[in-house]
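> My structure is below; once you've seen it, I'll send some questions.
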Amino acid sequence: MAITYAEIEDRYQIQTQNENITVEVTIGDAGVGAYVIFLDKVLKASNTVASLGKASEVIGKRTIISATVPDVLDETNWTSVTVQVKEGNLSKTYGPYSKQVSNNLDTVCFIIQIINQ
Amino acid sequence: MNCQFIRGILCFAVLLTCNVCIAQNGNELAVPSTPAFSILNYEPAAIMRPTNPKELSADVLNSFDKNGKLLMNVGLEVAPYWLKSRPGLTRAEYFNAKGGQAFRQSLMISIATVKDTITNNNKLGAGFRFRLSGGKVTAEYTVKEQQLISRATMMSVVSSARAFIQITNPALSLKTRQEVIEFIRSAFANPASGLTPQQLEEFLKYAQNLSSNYSDAQTDLLAFTAAINTKIDEASDDIKKEVVALSRKRIGLTTEIAGAASFYKTTHEQFEKAGIWFNAANVRSQTDSWNFSIRYLFMGKDSVNSNLDFGGAYIKELSNFSFSIEAMGRVFHGKMHTVDVDNNDVTRTDNGMTWRLAAQASYKIAQDISVNLSLGKNFDSPFLQDAGFFSIFGVRYSIFKNSKAIMPTTP
């Protein structure tokens, strides 16, 4: 059962000063998986929406999303992850990031770094 | 095993076997898992299962020889919806799909060619299969899925260390194995991770065992985290397999439709036969299910024969023992060319109705060995004089794992 790592780096431009910034992760391709969300080295959430705080608490820090998706669906070998950063009514989508595994039961680890500016 | 014992078993089998009509192998009412293979009564040695458009085009091209002729004894199974990634489809949406979405995500198209060694005919079969509803997953599945998510959470925490190993900012960077272990340990211990002290112990055990194999160089630190994840992943294998197996065992109403047709390719393209199947299975629990089916099979060429079958079955499946009883009715129409006493061509037509009633029991002795007993009365044939009653006793031993079906079969 092979493990593949997909590492992505991107940036997020903070839009507001007073809105709470949240991070949502969607595992697609009917996959079963898990994820953890860090703000710098602080674990903010696992397998649920992460609330990062307002602009002053987030600016200059890195949001690190680490998602693990084992392929447990017979119909496809695709795995995918989509990240959505929300700030009040504003939102920005990262991805979807998709990766096809060679065999059933192989696993993909997506590591997405977003630098907050 | 002594000779008397073997003779005894053989005598028992002979006594039980009155009249073997058809091979009894599972539920007669089920929709075929690969309709194109089923209509040809043949499973090709080489089956292509493309998973993206590039593979599909390559497989189609590889199905023809250099003269542009279709190769024989090859099969192709493709699920069009899954030829590309579906990042918007969550697990919950997949399991609860109805109508159009259920059709799209379950549609499977199969094509096969075969050279009939008896008649020397080349034949082409094509078929489809889809679901309109797929039932619900069981509570047992939900428990296993949560276990898998928990294991994947462990791996996600370990993987996150890879980002910090590669960061150049000294305040965030992880530079030694000890720093890596401490970072992961603190994340495991954080209540937000949802991980247990036992999972933390498991991680520490792997980390301690593997640590001495690596240095503190950045590439080694990355390899160290990869090795820990491999250990966690290996220990999760059984859970993954159980999630796959249990995701197929749904309860509630499952409805499936399949169709297939076969053609002769040798001289000129000529229709041979076609079939359409409809199956509704109501799985009441993991052990009890009702199955209702309608199928229509039509055969052309020298004789015309069509059967409309309808019926139901009750299936009881326990851990080692399974039992099923099925009742089916058949409305048939047969037309056959023959000659009269003066050797003139005449057409014989037979219309009528017949029925089939069968009971089957199977006892699993070991993982791949089962003892099977089938009893009942098969359909009467309009063209054959046949008592129709059958009883079959046998031992079934699977040498190879059956991996042909991508779609789960109807329970």
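Ordering of the structure tokens sets the chain letters (A, B, ...); residue numbers start at 1 within each chain; ligands are numbered from 1 in the order shown.
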Excluding Val58 in chain A and any residue of its chain fewer than 6 positions from it, enumerate the residues within 9 Å of it, using only C-alpha atoms, and give them as a list in words.
Ile14, Ile21, Leu39, Leu52, Asn116 and Gln117 of chain A
> Just the residues within 8 Å of Thr79 in chain A, please, counting only C-alpha atoms, with nothing from its chain fewer than 4 positions along; format it as a ChimeraX atom specification.
/A:27-29,31,69-71,98-101,108 /B:85,87
> When you get a sec, could you note down which chain A residues fall within 9 Å of chain B, using only C-alpha atoms, as number ranges by chain?
A: 1-3, 5, 7, 26-38, 40-47, 64-82, 96-100, 105, 107, 109-113
> Residues of range 128-214 of chain B in strand (DSSP E or B) according to DSSP, as a count of residues only?
9
> CA of Leu308 in chain B and CA of Gln360 in chain B, how far apart in Å?
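Here the two named atoms are 22.8 Å from each other.
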> What are the DSSP alpha helix (DSSP H) residues of chain A, as a PyMOL selection string?
chain A and resi 55-58
> For Lys98 in chain B, find every residue with an atom within 12 Å (counting only C-alpha atoms), except residues of its own chain fewer than 5 positions away, and show them as a PDB file with N, CA and C atoms, in the first residue's frame.

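This went into around16.pdb:
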ATOM      1  N   ALA B  92     -20.673  11.346   1.768  1.00  0.00           N
ATOM      2  CA  ALA B  92     -22.100  11.329   2.125  1.00  0.00           C
ATOM      3  C   ALA B  92     -22.963  11.458   0.876  1.00  0.00           C
ATOM      4  N   GLU B  93     -22.566  12.342  -0.044  1.00  0.00           N
ATOM      5  CA  GLU B  93     -23.345  12.513  -1.284  1.00  0.00           C
ATOM      6  C   GLU B  93     -23.309  11.248  -2.131  1.00  0.00           C
ATOM      7  N   PHE B 103     -27.429   7.254 -11.090  1.00  0.00           N
ATOM      8  CA  PHE B 103     -27.193   6.692 -12.429  1.00  0.00           C
ATOM      9  C   PHE B 103     -25.764   7.006 -12.887  1.00  0.00           C
ATOM     10  N   ARG B 104     -25.393   8.297 -12.797  1.00  0.00           N
ATOM     11  CA  ARG B 104     -24.077   8.714 -13.314  1.00  0.00           C
ATOM     12  C   ARG B 104     -22.931   8.003 -12.593  1.00  0.00           C
ATOM     13  N   GLN B 105     -22.999   7.959 -11.270  1.00  0.00           N
ATOM     14  CA  GLN B 105     -21.849   7.417 -10.528  1.00  0.00           C
ATOM     15  C   GLN B 105     -21.771   5.888 -10.567  1.00  0.00           C
ATOM     16  N   SER B 106     -22.861   5.237 -11.003  1.00  0.00           N
ATOM     17  CA  SER B 106     -22.824   3.772 -11.036  1.00  0.00           C
ATOM     18  C   SER B 106     -22.779   3.192 -12.449  1.00  0.00           C
ATOM     19  N   PHE B 130     -26.379   0.034 -14.318  1.00  0.00           N
ATOM     20  CA  PHE B 130     -26.400   1.210 -13.430  1.00  0.00           C
ATOM     21  C   PHE B 130     -27.396   0.992 -12.300  1.00  0.00           C
ATOM     22  N   ARG B 131     -27.295   1.839 -11.305  1.00  0.00           N
ATOM     23  CA  ARG B 131     -28.189   1.786 -10.153  1.00  0.00           C
ATOM     24  C   ARG B 131     -29.032   3.049 -10.093  1.00  0.00           C
ATOM     25  N   LEU B 132     -30.235   2.889  -9.582  1.00  0.00           N
ATOM     26  CA  LEU B 132     -31.066   4.068  -9.333  1.00  0.00           C
ATOM     27  C   LEU B 132     -31.122   4.385  -7.846  1.00  0.00           C
ATOM     28  N   SER B 133     -30.839   3.405  -7.024  1.00  0.00           N
ATOM     29  CA  SER B 133     -30.704   3.650  -5.585  1.00  0.00           C
ATOM     30  C   SER B 133     -29.777   2.573  -5.038  1.00  0.00           C
ATOM     31  N   GLY B 134     -29.048   2.925  -3.990  1.00  0.00           N
ATOM     32  CA  GLY B 134     -28.004   1.998  -3.533  1.00  0.00           C
ATOM     33  C   GLY B 134     -28.090   1.585  -2.085  1.00  0.00           C
ATOM     34  N   GLY B 135     -29.221   1.876  -1.422  1.00  0.00           N
ATOM     35  CA  GLY B 135     -29.348   1.486  -0.018  1.00  0.00           C
ATOM     36  C   GLY B 135     -28.511   2.378   0.897  1.00  0.00           C
ATOM     37  N   LYS B 136     -28.502   2.020   2.152  1.00  0.00           N
ATOM     38  CA  LYS B 136     -27.785   2.816   3.164  1.00  0.00           C
ATOM     39  C   LYS B 136     -26.678   1.966   3.787  1.00  0.00           C
ATOM     40  N   LEU B 253     -33.307  -0.373   0.140  1.00  0.00           N
ATOM     41  CA  LEU B 253     -33.671  -0.710  -1.243  1.00  0.00           C
ATOM     42  C   LEU B 253     -32.552  -0.371  -2.216  1.00  0.00           C
ATOM     43  N   THR B 254     -32.160  -1.386  -2.985  1.00  0.00           N
ATOM     44  CA  THR B 254     -31.191  -1.196  -4.065  1.00  0.00           C
ATOM     45  C   THR B 254     -31.878  -1.564  -5.373  1.00  0.00           C
ATOM     46  N   THR B 255     -31.855  -0.652  -6.336  1.00  0.00           N
ATOM     47  CA  THR B 255     -32.448  -0.978  -7.640  1.00  0.00           C
ATOM     48  C   THR B 255     -31.376  -0.861  -8.724  1.00  0.00           C
TER      49      THR B 255
END
> Which of these residues is nearest to Ala260 in chain B, using only C-alpha atoms: B:Asn62, B:Gln198, B:Thr34, B:Asn282?
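Ranked by minimum distance to Ala260 in chain B, first place goes to B:Thr34.
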> Could you state the separation of CA of Thr63 in chain A and CA of Leu204 in chain B in Å, given to one decimal place?
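Separation of CA of Thr63 in chain A and CA of Leu204 in chain B: 25.6 Å.
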> Using only C-alpha atoms, determine which residues lie at most 9 Å from Gln17 in chain A, disregarding the query and same-chain residues fewer than 3 positions distant; provide the list as a PDB file with C-alpha atoms, in the first residue's frame.

ATOM      1  CA  ILE A  14      -6.350  38.981   4.166  1.00  0.00           C
ATOM      2  CA  ASN A  20     -13.047  35.858  11.754  1.00  0.00           C
ATOM      3  CA  LYS A  54      -9.026  37.917  13.052  1.00  0.00           C
ATOM      4  CA  ALA A  55      -6.477  39.491  10.703  1.00  0.00           C
ATOM      5  CA  SER A  56      -4.122  40.605  13.493  1.00  0.00           C
TER       6      SER A  56
END
> If I take CA of Lys316 in chain B and CA of Ala97 in chain B, how far is one from the other in Å, to one decimal?
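Computing it gives 26.7 Å between the two atoms.
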> For Val85 in chain A, please output as an MDAnalysis selection string all residues within 9 Å (counting only C-alpha atoms; exclusion window: fewer than 3 positions along the same chain).
chainID A and resid 12 21:25 90:94
